[in-house]
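Next comes input_9.cif, a file with mmCIF, C-alpha atoms.
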```
data_data
#
loop_
_atom_site.label_atom_id
_atom_site.label_comp_id
_atom_site.auth_asym_id
_atom_site.auth_seq_id
_atom_site.Cartn_x
_atom_site.Cartn_y
_atom_site.Cartn_z
CA MET M 22 3.46 -3.29 19.22
CA SER M 23 1.82 -1.96 16.08
CA ILE M 24 -1.78 -2.97 15.38
CA PHE M 25 -0.60 -3.90 11.88
CA LYS M 26 2.11 -6.29 13.05
CA GLN M 27 -0.20 -9.28 12.84
CA CYS M 28 -2.12 -8.14 9.74
CA LEU M 29 -1.87 -9.84 6.40
CA PHE M 30 -0.56 -7.94 3.41
CA TYR M 31 -0.53 -8.91 -0.23
CA ASP M 32 2.60 -8.30 -2.23
CA GLY M 33 1.11 -6.83 -5.41
CA LEU M 34 -1.39 -9.13 -7.09
CA ARG M 35 0.38 -12.28 -5.99
CA LYS M 36 -1.18 -14.22 -3.17
CA THR M 37 1.97 -14.07 -1.10
CA ILE M 38 0.94 -13.09 2.40
CA ILE M 39 3.48 -11.13 4.43
CA GLU M 40 3.70 -9.21 7.69
CA ILE M 41 4.61 -5.57 8.07
CA ASP M 42 7.97 -6.57 9.56
CA ASP M 43 8.80 -8.20 6.23
CA ILE M 44 7.87 -5.02 4.37
CA ILE M 45 10.14 -2.97 6.60
CA GLU M 46 12.99 -5.47 6.40
CA ASP M 47 12.69 -5.69 2.61
CA ASN M 48 13.03 -1.91 2.27
CA TYR M 49 15.25 -1.08 5.22
CA LEU M 50 18.15 -3.54 5.10
CA ASN M 51 20.51 -1.20 3.25
CA SER M 52 19.35 1.95 4.97
CA THR M 53 21.62 4.12 7.07
CA CYS M 54 18.62 5.82 8.70
CA ASN M 55 17.20 5.02 12.10
CA ASP M 56 13.57 5.48 11.08
CA PHE M 57 11.22 3.83 8.62
CA TYR M 58 8.27 5.63 7.06
CA VAL M 59 5.05 4.00 5.95
CA MET M 60 2.46 5.89 3.93
CA PHE M 61 -1.05 4.44 4.12
CA TYR M 62 -3.15 5.16 1.04
CA PHE M 63 -6.91 4.92 1.66
CA THR M 64 -9.15 5.10 -1.43
CA ALA M 65 -11.76 3.28 -3.50
CA THR M 66 -12.75 2.98 -7.14
CA TRP M 67 -16.26 4.27 -6.37
CA VAL M 68 -15.06 7.75 -5.28
CA PRO M 69 -17.06 10.17 -7.53
CA ASN M 70 -16.07 12.71 -10.19
CA GLY M 71 -12.68 11.29 -11.06
CA THR M 72 -11.37 12.26 -7.63
CA SER M 73 -9.84 8.82 -7.20
CA GLU M 74 -7.90 9.16 -10.47
CA ILE M 75 -6.59 12.64 -9.60
CA LEU M 76 -5.61 11.56 -6.10
CA ASN M 77 -4.06 8.37 -7.41
CA HIS M 78 -1.89 10.29 -9.88
CA LYS M 79 -0.68 12.58 -7.06
CA ILE M 80 -0.02 9.66 -4.70
CA GLN M 81 1.90 7.83 -7.42
CA SER M 82 4.04 10.92 -8.01
CA ILE M 83 4.73 11.33 -4.28
CA TYR M 84 5.51 7.63 -3.93
CA HIS M 85 8.10 7.64 -6.72
CA GLU M 86 9.61 10.88 -5.43
CA ARG M 87 10.01 9.51 -1.90
CA LYS M 88 11.09 6.06 -3.02
CA ASN M 89 13.86 7.59 -5.15
CA SER M 90 15.12 9.82 -2.34
CA LEU M 91 14.56 7.57 0.69
CA ASN M 92 15.48 3.94 1.18
CA ASN M 93 13.37 3.77 4.32
CA PHE M 94 9.92 4.42 2.85
CA GLU M 95 7.02 2.28 1.64
CA LEU M 96 3.36 2.73 0.74
CA ILE M 97 0.57 0.39 1.87
CA PHE M 98 -2.78 0.56 0.09
CA VAL M 99 -5.98 0.18 2.14
CA SER M 100 -9.00 -0.35 -0.09
CA SER M 101 -12.50 0.86 0.66
CA ASP M 102 -13.85 -0.84 -2.43
CA LYS M 103 -17.10 -2.75 -2.14
CA SER M 104 -16.00 -5.91 -3.90
CA LEU M 105 -12.93 -8.03 -4.36
CA SER M 106 -13.11 -7.53 -8.14
CA GLU M 107 -12.97 -3.72 -7.74
CA TYR M 108 -10.01 -4.10 -5.39
CA ARG M 109 -8.14 -6.36 -7.81
CA SER M 110 -8.92 -4.08 -10.73
CA PHE M 111 -7.52 -1.10 -8.84
CA LEU M 112 -4.29 -2.94 -8.04
CA LYS M 113 -3.95 -4.16 -11.60
CA ASN M 114 -4.26 -0.60 -12.91
CA ASN M 115 -1.84 0.81 -10.33
CA ALA M 116 1.28 -1.29 -10.58
CA PHE M 117 3.27 1.11 -8.41
CA ILE M 118 1.40 -0.25 -5.37
CA ARG M 119 3.55 -3.07 -4.04
CA TYR M 120 1.68 -3.79 -0.81
CA SER M 121 -1.94 -3.69 0.26
CA LEU M 122 -3.90 -4.62 3.34
CA ASP M 123 -5.67 -7.94 2.85
CA PHE M 124 -9.05 -7.06 1.31
CA SER M 125 -10.83 -9.80 3.26
CA ASP M 126 -9.80 -8.27 6.61
CA GLN M 127 -12.82 -5.93 6.79
CA ASP M 128 -12.77 -5.80 10.59
CA LEU M 129 -9.38 -4.11 10.69
CA LYS M 130 -10.40 -1.45 8.19
#
```

Would you give me this structure, written as structure tokens?
Amino acid sequence: MSIFKQCLFYDGLRKTIIEIDDIIEDNYLNSTCNDFYVMFYFTATWVPNGTSEILNHKIQSIYHERKNSLNNFELIFVSSDKSLSEYRSFLKNNAFIRYSLDFSDQDLK
């Protein structure tokens, strides 16, 4: 069993809490593949020298590329931000991120 099976995920900025099985099911129902791929994106707004912005642009490009070519792929954001407001700001400015690990679950991170 995956360590993430029992974790809470937010669906975008909404406060809908879901499990990873729901993420997989939501993206995998129409798939003809036997596998499902999850990309975990670890970053924070405090990363210096614009590195976060450069990385974010690349991740967004990869995400859209994979999402358009695979129907068995999803990205999950894991924030290393220091505050809930930074976390929310990051999600608001990066609408391509559909799922993120619950910010309040610091023990899991």

Practice prompt. Specify as a ChimeraX atom specification each residue included when the PyMOL selection byres ((chain M and resi 64-66) around 12) is applied to this file.
Written response: /M:61-63,67-77,80,97-112,114-115,121,124,130

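Atom pair CA of Tyr84 (chain M) / CA of Asp123 (chain M) has a distance of 20.3 Å (rounded to one decimal).
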
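Computed from the coordinates, the CA of Ser82 (chain M) to CA of Asp42 (chain M) distance equals 25.1 Å.
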
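We find CA of Arg119 (chain M) and CA of Leu96 (chain M) to be spaced 7.5 Å apart.
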